[in-house]
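Listing of work-v3.pdb; format and content: PDB, C-alpha atoms.
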ATOM      1  CA  MET Y1441     -30.779   6.222 -15.698
ATOM      2  CA  ALA Y1442     -29.983   9.281 -17.776
ATOM      3  CA  SER Y1443     -32.865  11.343 -19.091
ATOM      4  CA  THR Y1444     -33.789  11.382 -22.783
ATOM      5  CA  SER Y1445     -32.152  14.789 -23.170
ATOM      6  CA  GLU Y1446     -28.948  13.476 -21.607
ATOM      7  CA  ALA Y1447     -28.935  10.391 -23.830
ATOM      8  CA  SER Y1448     -29.275  12.551 -26.932
ATOM      9  CA  HIS Y1449     -25.868  14.100 -26.303
ATOM     10  CA  SER Y1450     -22.807  12.326 -27.575
ATOM     11  CA  GLY Y1451     -20.091  11.420 -25.121
ATOM     12  CA  PRO Y1452     -16.769   9.648 -24.809
ATOM     13  CA  SER Y1453     -16.693   6.127 -26.233
ATOM     14  CA  ARG Y1454     -14.246   4.934 -23.580
ATOM     15  CA  VAL Y1455     -14.272   5.254 -19.781
ATOM     16  CA  LEU Y1456     -11.044   4.436 -17.971
ATOM     17  CA  LEU Y1457     -11.226   3.939 -14.206
ATOM     18  CA  ALA Y1458      -8.221   4.604 -11.987
ATOM     19  CA  ALA Y1459      -7.305   1.883  -9.522
ATOM     20  CA  PRO Y1460      -6.864   2.328  -6.683
ATOM     21  CA  ARG Y1461      -9.514   4.984  -6.085
ATOM     22  CA  GLY Y1462     -12.087   5.887  -3.467
ATOM     23  CA  TYR Y1463     -12.236   4.863   0.158
ATOM     24  CA  CYS Y1464      -8.995   4.434   2.046
ATOM     25  CA  ALA Y1465      -8.680   2.352   5.204
ATOM     26  CA  GLY Y1466      -8.925   5.392   7.479
ATOM     27  CA  VAL Y1467     -12.143   6.634   5.866
ATOM     28  CA  ASP Y1468     -13.661   3.157   5.873
ATOM     29  CA  ARG Y1469     -12.864   2.847   9.584
ATOM     30  CA  ALA Y1470     -14.301   6.270  10.409
ATOM     31  CA  VAL Y1471     -17.584   5.716   8.562
ATOM     32  CA  GLU Y1472     -17.983   2.246  10.083
ATOM     33  CA  THR Y1473     -17.322   3.762  13.507
ATOM     34  CA  VAL Y1474     -20.303   6.123  13.226
ATOM     35  CA  GLU Y1475     -22.516   3.403  11.741
ATOM     36  CA  ASN Y1476     -21.647   1.030  14.565
ATOM     37  CA  ALA Y1477     -22.141   3.695  17.236
ATOM     38  CA  LEU Y1478     -25.652   4.301  15.903
ATOM     39  CA  ASP Y1479     -26.404   0.569  15.805
ATOM     40  CA  LEU Y1480     -25.030  -0.033  19.302
ATOM     41  CA  TYR Y1481     -26.275   2.988  21.206
ATOM     42  CA  GLY Y1482     -29.060   4.409  19.078
ATOM     43  CA  LYS Y1483     -29.538   7.970  17.961
ATOM     44  CA  PRO Y1484     -28.508  10.619  18.361
ATOM     45  CA  VAL Y1485     -24.773  10.193  17.955
ATOM     46  CA  TYR Y1486     -23.000  13.516  17.595
ATOM     47  CA  VAL Y1487     -20.009  13.888  15.274
ATOM     48  CA  ARG Y1488     -17.537  16.747  15.611
ATOM     49  CA  LYS Y1489     -16.924  18.169  12.120
ATOM     50  CA  GLU Y1490     -17.604  16.050   9.034
ATOM     51  CA  ILE Y1491     -16.547  12.484   9.808
ATOM     52  CA  VAL Y1492     -14.853  12.508   6.379
ATOM     53  CA  HIS Y1493     -14.859  15.251   3.747
ATOM     54  CA  ASN Y1494     -17.665  14.018   1.534
ATOM     55  CA  LYS Y1495     -21.162  15.515   1.340
ATOM     56  CA  HIS Y1496     -22.819  12.271   0.249
ATOM     57  CA  VAL Y1497     -21.391  10.309   3.174
ATOM     58  CA  VAL Y1498     -22.394  13.003   5.672
ATOM     59  CA  HIS Y1499     -25.964  13.167   4.325
ATOM     60  CA  GLU Y1500     -26.369   9.385   4.465
ATOM     61  CA  LEU Y1501     -25.194   9.297   8.085
ATOM     62  CA  GLU Y1502     -27.518  12.181   8.959
ATOM     63  CA  LYS Y1503     -30.417  10.098   7.639
ATOM     64  CA  ARG Y1504     -29.446   7.377  10.107
ATOM     65  CA  GLY Y1505     -29.405   9.742  13.074
ATOM     66  CA  ALA Y1506     -25.926  11.266  13.217
ATOM     67  CA  ILE Y1507     -25.832  14.951  14.165
ATOM     68  CA  PHE Y1508     -22.842  16.890  12.869
ATOM     69  CA  VAL Y1509     -21.555  19.839  14.877
ATOM     70  CA  GLU Y1510     -18.630  22.177  14.451
ATOM     71  CA  GLU Y1511     -17.338  22.043  18.030
ATOM     72  CA  GLU Y1512     -17.596  19.682  20.983
ATOM     73  CA  THR Y1513     -19.077  22.560  22.990
ATOM     74  CA  GLU Y1514     -22.261  22.196  20.900
ATOM     75  CA  VAL Y1515     -22.825  18.635  22.133
ATOM     76  CA  PRO Y1516     -25.227  18.401  25.092
ATOM     77  CA  GLU Y1517     -23.522  17.318  28.302
ATOM     78  CA  GLY Y1518     -23.321  13.576  28.770
ATOM     79  CA  GLU Y1519     -24.054  12.719  25.131
ATOM     80  CA  MET Y1520     -21.916  10.624  22.772
ATOM     81  CA  VAL Y1521     -19.596  12.296  20.278
ATOM     82  CA  VAL Y1522     -17.368  10.822  17.581
ATOM     83  CA  PHE Y1523     -14.196  12.668  16.593
ATOM     84  CA  SER Y1524     -13.579  12.733  12.849
ATOM     85  CA  ALA Y1525     -10.915  10.918  10.845
ATOM     86  CA  HIS Y1526      -8.878  14.133  10.614
ATOM     87  CA  GLY Y1527      -7.924  14.139  14.298
ATOM     88  CA  VAL Y1528      -8.378  16.696  17.065
ATOM     89  CA  ALA Y1529      -6.134  18.708  19.361
ATOM     90  CA  PRO Y1530      -5.627  17.635  22.990
ATOM     91  CA  SER Y1531      -7.729  20.637  24.036
ATOM     92  CA  VAL Y1532     -10.752  19.047  22.342
ATOM     93  CA  HIS Y1533     -10.356  15.884  24.409
ATOM     94  CA  ALA Y1534     -10.045  18.038  27.516
ATOM     95  CA  ASN Y1535     -13.188  20.026  26.674
ATOM     96  CA  ALA Y1536     -15.122  16.828  26.037
ATOM     97  CA  ALA Y1537     -14.053  15.426  29.407
ATOM     98  CA  LYS Y1538     -15.174  18.617  31.174
ATOM     99  CA  ARG Y1539     -18.608  18.272  29.589
ATOM    100  CA  GLY Y1540     -18.870  14.615  30.547
ATOM    101  CA  LEU Y1541     -19.165  13.571  26.916
ATOM    102  CA  ARG Y1542     -18.893   9.947  25.924
ATOM    103  CA  THR Y1543     -16.238   9.967  23.207
ATOM    104  CA  ILE Y1544     -15.248   7.686  20.364
ATOM    105  CA  ASP Y1545     -12.091   8.706  18.537
ATOM    106  CA  ALA Y1546     -12.240   7.841  14.826
ATOM    107  CA  THR Y1547      -8.951   9.575  14.000
ATOM    108  CA  CYS Y1548      -7.154   7.788  11.170
ATOM    109  CA  PRO Y1549      -4.191   5.846  12.625
ATOM    110  CA  LEU Y1550      -1.918   7.510  10.055
ATOM    111  CA  VAL Y1551      -2.964  10.927  11.350
ATOM    112  CA  THR Y1552      -2.370   9.700  14.895
ATOM    113  CA  LYS Y1553       1.155   8.793  13.769
ATOM    114  CA  VAL Y1554       1.783  12.451  12.873
ATOM    115  CA  HIS Y1555       0.419  13.575  16.258
ATOM    116  CA  VAL Y1556       2.837  11.222  18.003
ATOM    117  CA  GLU Y1557       5.711  12.646  15.961
ATOM    118  CA  ALA Y1558       4.697  16.189  16.901
ATOM    119  CA  ARG Y1559       4.696  15.331  20.611
ATOM    120  CA  LYS Y1560       8.071  13.617  20.355
ATOM    121  CA  PHE Y1561       9.749  16.462  18.462
ATOM    122  CA  ALA Y1562       8.257  18.998  20.870
ATOM    123  CA  ALA Y1563       9.518  17.057  23.871
ATOM    124  CA  ASP Y1564      12.992  17.007  22.308
ATOM    125  CA  GLY Y1565      13.003  20.785  21.999
ATOM    126  CA  TYR Y1566      12.604  21.159  18.236
ATOM    127  CA  THR Y1567      10.790  23.868  16.352
ATOM    128  CA  ILE Y1568       8.262  21.862  14.343
ATOM    129  CA  VAL Y1569       7.698  22.888  10.743
ATOM    130  CA  LEU Y1570       4.322  21.519   9.676
ATOM    131  CA  VAL Y1571       3.786  21.335   5.926
ATOM    132  CA  GLY Y1572       0.077  21.621   5.252
ATOM    133  CA  HIS Y1573      -2.913  23.744   4.328
ATOM    134  CA  GLU Y1574      -3.985  26.485   6.695
ATOM    135  CA  GLY Y1575      -7.428  25.912   8.168
ATOM    136  CA  HIS Y1576      -7.578  22.199   7.363
ATOM    137  CA  GLU Y1577      -8.895  20.195  10.311
ATOM    138  CA  GLU Y1578      -5.943  17.822  10.266
ATOM    139  CA  VAL Y1579      -3.519  20.734  10.464
ATOM    140  CA  GLU Y1580      -5.470  22.296  13.341
ATOM    141  CA  GLY Y1581      -5.443  19.033  15.273
ATOM    142  CA  THR Y1582      -1.736  18.388  14.725
ATOM    143  CA  THR Y1583      -0.777  21.967  15.593
ATOM    144  CA  GLY Y1584      -2.708  21.580  18.835
ATOM    145  CA  GLU Y1585      -0.190  19.007  20.068
ATOM    146  CA  ALA Y1586       2.489  21.702  20.427
ATOM    147  CA  PRO Y1587       1.074  25.083  19.376
ATOM    148  CA  GLU Y1588       3.937  27.148  20.795
ATOM    149  CA  GLN Y1589       6.548  25.146  18.897
ATOM    150  CA  THR Y1590       4.782  24.616  15.570
ATOM    151  CA  VAL Y1591       4.963  26.806  12.476
ATOM    152  CA  LEU Y1592       2.963  26.130   9.305
ATOM    153  CA  VAL Y1593       4.430  26.338   5.815
ATOM    154  CA  GLN Y1594       2.378  25.878   2.670
ATOM    155  CA  THR Y1595       4.864  26.703  -0.109
ATOM    156  CA  GLU Y1596       8.567  26.914  -0.871
ATOM    157  CA  ALA Y1597       8.208  30.686  -0.567
ATOM    158  CA  ASP Y1598       7.041  30.207   3.026
ATOM    159  CA  VAL Y1599      10.233  28.258   3.702
ATOM    160  CA  ASP Y1600      12.325  31.059   2.228
ATOM    161  CA  GLN Y1601      10.721  33.526   4.635
ATOM    162  CA  LEU Y1602      10.926  31.247   7.652
ATOM    163  CA  GLU Y1603      12.944  32.440  10.614
ATOM    164  CA  VAL Y1604      13.434  30.341  13.735
ATOM    165  CA  GLU Y1605      15.203  30.781  17.056
ATOM    166  CA  ASP Y1606      17.591  27.855  16.534
ATOM    167  CA  PRO Y1607      18.207  26.841  12.893
ATOM    168  CA  ASP Y1608      19.912  23.639  14.072
ATOM    169  CA  ARG Y1609      16.823  22.385  15.943
ATOM    170  CA  ILE Y1610      14.285  22.034  13.155
ATOM    171  CA  ALA Y1611      11.975  19.053  12.668
ATOM    172  CA  TYR Y1612       9.370  18.714   9.934
ATOM    173  CA  ILE Y1613       6.129  16.785   9.671
ATOM    174  CA  THR Y1614       3.367  16.955   7.066
ATOM    175  CA  GLN Y1615      -0.353  16.741   6.557
ATOM    176  CA  THR Y1616      -1.214  13.263   5.250
ATOM    177  CA  THR Y1617      -3.163  14.329   2.139
ATOM    178  CA  LEU Y1618      -0.785  16.635   0.276
ATOM    179  CA  SER Y1619       0.629  16.520  -3.239
ATOM    180  CA  VAL Y1620       3.547  14.096  -3.103
ATOM    181  CA  ASP Y1621       5.647  16.007  -5.629
ATOM    182  CA  GLU Y1622       4.926  19.461  -4.223
ATOM    183  CA  THR Y1623       5.663  18.335  -0.679
ATOM    184  CA  SER Y1624       8.947  16.765  -1.734
ATOM    185  CA  SER Y1625       9.982  20.107  -3.227
ATOM    186  CA  ILE Y1626       9.029  21.986  -0.053
ATOM    187  CA  ILE Y1627      10.983  19.569   2.139
ATOM    188  CA  ALA Y1628      13.989  19.785  -0.206
ATOM    189  CA  ARG Y1629      13.928  23.563   0.119
ATOM    190  CA  LEU Y1630      13.626  23.254   3.904
ATOM    191  CA  LYS Y1631      16.657  20.962   4.090
ATOM    192  CA  GLU Y1632      18.596  23.291   1.830
ATOM    193  CA  LYS Y1633      17.929  26.213   4.144
ATOM    194  CA  PHE Y1634      18.257  24.198   7.370
ATOM    195  CA  PRO Y1635      20.786  21.397   6.674
ATOM    196  CA  ASN Y1636      20.294  19.846  10.125
ATOM    197  CA  ALA Y1637      16.514  19.557   9.790
ATOM    198  CA  VAL Y1638      15.162  16.148  10.768
ATOM    199  CA  GLY Y1639      11.949  14.432   9.774
ATOM    200  CA  PRO Y1640       9.885  11.355  10.556
ATOM    201  CA  LYS Y1641      11.293   7.875   9.972
ATOM    202  CA  THR Y1642       8.649   7.264   7.305
ATOM    203  CA  ASP Y1643       6.742   9.719   5.120
ATOM    204  CA  ASP Y1644       3.674  11.317   6.658
ATOM    205  CA  ILE Y1645       1.750  11.477   3.376
ATOM    206  CA  CYS Y1646      -0.429   8.399   3.622
ATOM    207  CA  TYR Y1647      -0.265   5.365   1.366
ATOM    208  CA  ALA Y1648      -3.720   6.075  -0.101
ATOM    209  CA  THR Y1649      -2.879   9.641  -1.101
ATOM    210  CA  THR Y1650       0.364   8.472  -2.719
ATOM    211  CA  ASN Y1651      -1.274   5.547  -4.532
ATOM    212  CA  ARG Y1652      -4.181   7.608  -5.862
ATOM    213  CA  GLN Y1653      -1.855  10.290  -7.180
ATOM    214  CA  GLN Y1654       0.287   7.668  -8.927
ATOM    215  CA  ALA Y1655      -2.847   6.175 -10.473
ATOM    216  CA  VAL Y1656      -3.982   9.586 -11.739
ATOM    217  CA  LYS Y1657      -0.583  10.243 -13.318
ATOM    218  CA  ALA Y1658      -1.000   7.047 -15.337
ATOM    219  CA  LEU Y1659      -4.633   7.890 -16.110
ATOM    220  CA  ALA Y1660      -3.801  11.383 -17.403
ATOM    221  CA  LYS Y1661      -1.476   9.895 -20.042
ATOM    222  CA  GLU Y1662      -4.371   7.882 -21.500
ATOM    223  CA  CYS Y1663      -7.223  10.411 -21.296
ATOM    224  CA  GLU Y1664      -8.102  13.844 -22.592
ATOM    225  CA  LEU Y1665     -10.279  14.471 -19.522
ATOM    226  CA  VAL Y1666     -10.064  13.216 -15.927
ATOM    227  CA  LEU Y1667     -13.055  13.612 -13.619
ATOM    228  CA  VAL Y1668     -12.402  13.345  -9.892
ATOM    229  CA  ILE Y1669     -15.347  12.536  -7.650
ATOM    230  CA  GLY Y1670     -14.994  14.263  -4.310
ATOM    231  CA  SER Y1671     -16.184  17.235  -2.299
ATOM    232  CA  THR Y1672     -14.597  20.670  -2.548
ATOM    233  CA  ASN Y1673     -13.286  20.534   1.047
ATOM    234  CA  SER Y1674     -11.485  17.243   0.424
ATOM    235  CA  SER Y1675      -7.748  17.941   0.306
ATOM    236  CA  ASN Y1676      -6.772  14.665  -1.328
ATOM    237  CA  SER Y1677      -9.467  15.050  -4.003
ATOM    238  CA  ASN Y1678      -8.281  18.539  -4.926
ATOM    239  CA  ARG Y1679      -4.729  17.240  -5.181
ATOM    240  CA  LEU Y1680      -5.886  14.592  -7.688
ATOM    241  CA  VAL Y1681      -7.271  17.309  -9.962
ATOM    242  CA  GLU Y1682      -3.986  19.202  -9.748
ATOM    243  CA  VAL Y1683      -1.935  16.095 -10.517
ATOM    244  CA  ALA Y1684      -4.072  15.208 -13.539
ATOM    245  CA  ARG Y1685      -3.675  18.720 -14.946
ATOM    246  CA  GLU Y1686       0.061  18.714 -14.305
ATOM    247  CA  HIS Y1687       0.324  15.516 -16.343
ATOM    248  CA  GLY Y1688      -1.506  16.726 -19.426
ATOM    249  CA  ALA Y1689      -5.220  16.116 -18.979
ATOM    250  CA  ASP Y1690      -8.089  18.504 -18.418
ATOM    251  CA  SER Y1691      -9.532  17.734 -14.998
ATOM    252  CA  TYR Y1692     -12.447  18.774 -12.817
ATOM    253  CA  LEU Y1693     -13.724  17.976  -9.337
ATOM    254  CA  ILE Y1694     -17.365  16.902  -9.108
ATOM    255  CA  ASP Y1695     -19.587  15.676  -6.301
ATOM    256  CA  ASN Y1696     -21.528  13.395  -8.645
ATOM    257  CA  HIS Y1697     -22.565  12.777 -12.257
ATOM    258  CA  LEU Y1698     -25.098  15.618 -12.163
ATOM    259  CA  GLN Y1699     -22.251  18.133 -12.165
ATOM    260  CA  VAL Y1700     -20.711  17.019 -15.468
ATOM    261  CA  ASP Y1701     -20.548  20.011 -17.835
ATOM    262  CA  GLU Y1702     -21.324  19.343 -21.509
ATOM    263  CA  ALA Y1703     -18.514  21.674 -22.574
ATOM    264  CA  TRP Y1704     -15.935  19.437 -20.893
ATOM    265  CA  LEU Y1705     -16.858  16.517 -23.157
ATOM    266  CA  GLU Y1706     -16.364  18.166 -26.537
ATOM    267  CA  GLY Y1707     -13.792  16.237 -28.520
ATOM    268  CA  VAL Y1708     -13.141  13.763 -25.706
ATOM    269  CA  GLY Y1709     -12.737  10.151 -26.787
ATOM    270  CA  THR Y1710     -11.528   8.741 -23.470
ATOM    271  CA  VAL Y1711     -12.589  10.059 -20.083
ATOM    272  CA  GLY Y1712     -10.711   9.035 -16.968
ATOM    273  CA  VAL Y1713     -12.573   8.622 -13.708
ATOM    274  CA  THR Y1714     -11.219   8.478 -10.186
ATOM    275  CA  SER Y1715     -12.467   9.364  -6.719
ATOM    276  CA  GLY Y1716     -10.974  10.854  -3.601
ATOM    277  CA  ALA Y1717     -10.258   8.780  -0.514
ATOM    278  CA  SER Y1718     -13.549   9.801   1.113
ATOM    279  CA  ALA Y1719     -15.844   9.216  -1.895
ATOM    280  CA  PRO Y1720     -17.957   6.020  -1.948
ATOM    281  CA  GLU Y1721     -17.826   3.710  -4.955
ATOM    282  CA  GLU Y1722     -21.544   4.089  -5.679
ATOM    283  CA  LEU Y1723     -20.839   7.623  -6.944
ATOM    284  CA  VAL Y1724     -18.321   6.218  -9.426
ATOM    285  CA  GLU Y1725     -20.865   3.622 -10.567
ATOM    286  CA  ARG Y1726     -23.452   6.338 -11.229
ATOM    287  CA  LEU Y1727     -20.931   8.331 -13.269
ATOM    288  CA  VAL Y1728     -20.036   5.251 -15.336
ATOM    289  CA  ALA Y1729     -23.746   4.599 -15.944
ATOM    290  CA  PHE Y1730     -24.128   8.228 -17.030
ATOM    291  CA  PHE Y1731     -21.478   7.756 -19.719
ATOM    292  CA  GLU Y1732     -22.822   4.347 -20.762
ATOM    293  CA  ASP Y1733     -26.256   5.899 -21.299
ATOM    294  CA  ARG Y1734     -24.549   8.409 -23.582
ATOM    295  CA  GLY Y1735     -22.914   5.743 -25.723
ATOM    296  CA  ALA Y1736     -19.714   4.664 -23.945
ATOM    297  CA  THR Y1737     -19.063   1.032 -24.871
ATOM    298  CA  ASP Y1738     -15.593   0.469 -23.442
ATOM    299  CA  VAL Y1739     -15.311   0.626 -19.640
ATOM    300  CA  SER Y1740     -12.055  -0.651 -18.229
ATOM    301  CA  GLU Y1741      -9.737  -0.210 -15.267
ATOM    302  CA  LEU Y1742      -6.143   1.018 -15.177
ATOM    303  CA  ARG Y1743      -4.530  -0.470 -12.083
ATOM    304  CA  THR Y1744      -1.182   0.770 -10.813
ATOM    305  CA  VAL Y1745      -1.025  -0.939  -7.406
ATOM    306  CA  ASN Y1746      -3.058  -3.290  -5.219
ATOM    307  CA  GLU Y1747      -4.189  -2.096  -1.788
ATOM    308  CA  ASP Y1748      -4.982  -4.432   1.089
ATOM    309  CA  VAL Y1749      -4.687  -2.084   4.089
ATOM    310  CA  ARG Y1750      -7.292  -2.390   6.848
ATOM    311  CA  PHE Y1751      -7.482  -0.655  10.218
ATOM    312  CA  MET Y1752      -9.203  -2.020  13.295
ATOM    313  CA  LEU Y1753     -12.144  -0.097  14.693
ATOM    314  CA  PRO Y1754     -11.567   2.016  17.829
ATOM    315  CA  THR Y1755     -11.077  -0.120  20.934
ATOM    316  CA  ASN Y1756     -14.280   0.960  22.683
ATOM    317  CA  VAL Y1757     -16.327   0.160  19.562
ATOM    318  CA  ARG Y1758     -14.745  -3.292  19.239
ATOM    319  CA  ARG Y1759     -15.442  -4.035  22.909
ATOM    320  CA  ALA Y1760     -19.061  -2.989  22.528
ATOM    321  CA  LEU Y1761     -19.513  -5.127  19.403
ATOM    322  CA  LYS Y1762     -18.025  -8.120  21.181
ATOM    323  CA  ALA Y1763     -20.298  -7.622  24.182
ATOM    324  CA  ARG Y1764     -23.378  -7.303  21.975
ATOM    325  CA  ASP Y1765     -22.499 -10.389  19.938
ATOM    326  CA  SER Y1766     -22.000 -12.435  23.102
ATOM    327  CA  GLY Y1767     -25.252 -11.243  24.622
ATOM    328  CA  GLY Y1768     -23.544  -9.237  27.342
ATOM    329  CA  GLU Y1769     -24.158  -5.732  28.597
ATOM    330  CA  LEU Y1770     -22.682  -2.938  26.504
ATOM    331  CA  PRO Y1771     -19.664  -1.320  28.153
ATOM    332  CA  VAL Y1772     -19.942   2.315  29.187
ATOM    333  CA  VAL Y1773     -18.225   4.700  26.804
ATOM    334  CA  SER Y1774     -16.525   7.533  28.657
TER     335      SER Y1774
END

Written form, structure tokens:
Amino acid sequence: MASTSEASHSGPSRVLLAAPRGYCAGVDRAVETVENALDLYGKPVYVRKEIVHNKHVVHELEKRGAIFVEEETEVPEGEMVVFSAHGVAPSVHANAAKRGLRTIDATCPLVTKVHVEARKFAADGYTIVLVGHEGHEEVEGTTGEAPEQTVLVQTEADVDQLEVEDPDRIAYITQTTLSVDETSSIIARLKEKFPNAVGPKTDDICYATTNRQQAVKALAKECELVLVIGSTNSSNSNRLVEVAREHGADSYLIDNHLQVDEAWLEGVGTVGVTSGASAPEELVERLVAFFEDRGATDVSELRTVNEDVRFMLPTNVRRALKARDSGGELPVVS
């Protein structure tokens, strides 16, 4: 509930929720993977990096006994470690094996797809142009598949400055959580400069990123203000803010309703609300309640597409669940 001081402030009369929003299949799978590992094997379960880029999710899993570390080298020998949804380089798997760690790989299958593409293009002798954000964990993991053959570009200007040994042997892949429109422009510039450049059979930007950006474009046309729930290190959440602004609405990224700034609400009749692919729905519900306590009477949803994608849990987790449910002995995770 909002405090008396909060309730005394006026607010938008209408709240419009983007749909789809929030958890994607890869995030759902990754979070469930850690939850199941804790249920099956007890604490502690170590997790390399944040399992997904959301502070609330990480804190909730910490309460249950997950221990988050930056590198696999911080995990005591022989312990269990989960690799995050963003994927890891082959060197991480190798380091974990050397330390005798029991590993569960929660990499999103759509990120794994990009890793497979990188290996294939490298094996075929291409220079791989990776479109992505420097320092992002997904980019680091993908680059690790073929570090000597991979170059990172972040902008069209980077493409203009790009020089390669063989301009006729260029292949491009992308981070899965980029701006759809911006990435299309970068790839167009790449193909203009390197006419023989080849890419993946299907886009690397994932369905959830694409769908959420489309939903925000529609939302921005109906709202003066769009609030995006997500953490500052969430690439897809930051892209949603950018898309909303590009399509005419003021927009801000917030972790939760406590970060709403009064100044943002001045003159706003309709506020749009969405959430990044790693933000749980309960945070959206709290934000809606915040606006209802301030006088919002019209809460509705603007749906642009239906999502029904689900990913199976990692094989070793599914085997362990099956063994537990049948009363058998849990398989050893190696």

Quiz prompt | Near-His1496 (chain Y) list (12 Å; only C-alpha atoms; drop same-chain fewer than 2 positions) as JSON, numbers by chain | solution = {"Y": [1471, 1490, 1491, 1492, 1493, 1494, 1498, 1499, 1500, 1501, 1502, 1503, 1669, 1670, 1671, 1694, 1695, 1696, 1718, 1719, 1720, 1721, 1722, 1723]}

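In this structure, CA of Ala1660 (chain Y) sits 19.8 Å away from CA of Thr1617 (chain Y).
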
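Using the PyMOL selection byres ((chain Y and resi 1599-1602) around 8) on the file at hand returns these residues: Y:Val1593, Y:Thr1595, Y:Glu1596, Y:Ala1597, Y:Asp1598, Y:Glu1603, Y:Val1604, Y:Ile1626, Y:Arg1629, Y:Leu1630, Y:Lys1633.
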
Quiz item: CA of Glu1588 (chain Y) and CA of Ala1529 (chain Y) are how many Å apart?
Solution: 13.2 Å

Practice problem: List the neighbours of Val1749 (chain Y) out to 8 Å using all atoms listed in the file; skip same-chain residues closer than 2 positions along the sequence, and give me the result as a list in words. | Solution: Ala1465, Glu1747 and Phe1751 of chain Y

Practice problem: Determine, counting all atoms listed in the file, every residue of protein, DNA or RNA that lies within 6 Å of (-13.2, 7.8, 4.3) in the file coordinates, then give the result as a ChimeraX atom specification. | Solution: /Y:1463-1464,1466-1468,1492,1717-1718

Self-check item: Output of the PyMOL selection byres ((chain Y and resi 1543) around 12), listed as JSON, numbers by chain
Solution: {"Y": [1473, 1474, 1477, 1485, 1486, 1487, 1488, 1512, 1515, 1517, 1518, 1519, 1520, 1521, 1522, 1523, 1524, 1532, 1533, 1534, 1535, 1536, 1537, 1538, 1539, 1540, 1541, 1542, 1544, 1545, 1546, 1547, 1754, 1755, 1756, 1757, 1772, 1773, 1774]}

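Closest to Ala1458 (chain Y) among Y:Leu1550, Y:Leu1478, Y:Ala1763, Y:Val1666 is Y:Val1666, based on only C-alpha atoms.
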
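Among the candidate residues Y:Gln1615, Y:Thr1513, Y:Ser1715, Y:Thr1590, the one lying nearest to Gln1653 (chain Y) is Y:Ser1715, with distances computed using all atoms listed in the file.
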
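Nearest residue to Leu1770 (chain Y), choosing from Y:Lys1489, Y:Asp1479, Y:Thr1616, Y:Val1681 and counting all atoms listed in the file: Y:Asp1479.
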
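If you measure from each of Y:Leu1457, Y:Val1556, Y:Ala1760, Y:Val1724 to Thr1583 (chain Y) using all atoms listed in the file, the closest one turns out to be Y:Val1556.
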
Using all atoms listed in the file, what does the table of region 1622-1723 of chain Y residues within 10 Å of region 1731-1737 of chain Y look like, with each row giving the shortest atom pair and its distance in Å to one decimal, sorted by chain and ascending number, as a tab-separated table?
residue	atom	partner	partner_atom	distance
Y:His1697	CA	Y:Phe1731	CA	9.1
Y:Gly1709	CA	Y:Ala1736	CA	9.3
Y:Thr1710	CA	Y:Ala1736	CA	9.2
Y:Val1711	CA	Y:Phe1731	CA	9.2

Selection above as a file: C-alpha atoms, as a short mmCIF file (atom, residue, chain, number, x, y, z; two decimals), keeping the file's coordinate frame:
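Produced file result-v7.cif, reproduced below:
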data_model
loop_
_atom_site.label_atom_id
_atom_site.label_comp_id
_atom_site.auth_asym_id
_atom_site.auth_seq_id
_atom_site.Cartn_x
_atom_site.Cartn_y
_atom_site.Cartn_z
CA HIS Y 1697 -22.56 12.78 -12.26
CA GLY Y 1709 -12.74 10.15 -26.79
CA THR Y 1710 -11.53 8.74 -23.47
CA VAL Y 1711 -12.59 10.06 -20.08
#

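Distance-wise, CA of Pro1460 (chain Y) and CA of Glu1557 (chain Y) end up 27.9 Å apart.
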
Please produce region 1711-1717 of chain Y, completed to N, CA, C and O atoms, as a compact mmCIF listing (two decimals), in the coordinates of the input.
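Result written to out34.txt:
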# COMPACT_ATOMS: atom_id res chain seq x y z
N VAL Y 1711 -12.48 9.31 -21.33
CA VAL Y 1711 -12.59 10.06 -20.08
C VAL Y 1711 -12.07 9.18 -18.95
O VAL Y 1711 -12.42 8.00 -18.86
N GLY Y 1712 -11.20 9.74 -18.13
CA GLY Y 1712 -10.71 9.04 -16.97
C GLY Y 1712 -11.56 9.39 -15.76
O GLY Y 1712 -12.02 10.52 -15.61
N VAL Y 1713 -11.76 8.42 -14.91
CA VAL Y 1713 -12.57 8.62 -13.71
C VAL Y 1713 -11.82 8.11 -12.49
O VAL Y 1713 -11.29 6.98 -12.50
N THR Y 1714 -11.75 8.93 -11.46
CA THR Y 1714 -11.22 8.48 -10.19
C THR Y 1714 -12.03 9.13 -9.09
O THR Y 1714 -12.95 9.92 -9.35
N SER Y 1715 -11.73 8.80 -7.84
CA SER Y 1715 -12.47 9.36 -6.72
C SER Y 1715 -11.53 9.53 -5.55
O SER Y 1715 -10.59 8.75 -5.36
N GLY Y 1716 -11.78 10.58 -4.78
CA GLY Y 1716 -10.97 10.85 -3.60
C GLY Y 1716 -11.16 9.79 -2.53
O GLY Y 1716 -12.08 8.97 -2.59
N ALA Y 1717 -10.30 9.83 -1.53
CA ALA Y 1717 -10.26 8.78 -0.51
C ALA Y 1717 -11.49 8.77 0.39
O ALA Y 1717 -11.67 7.83 1.17
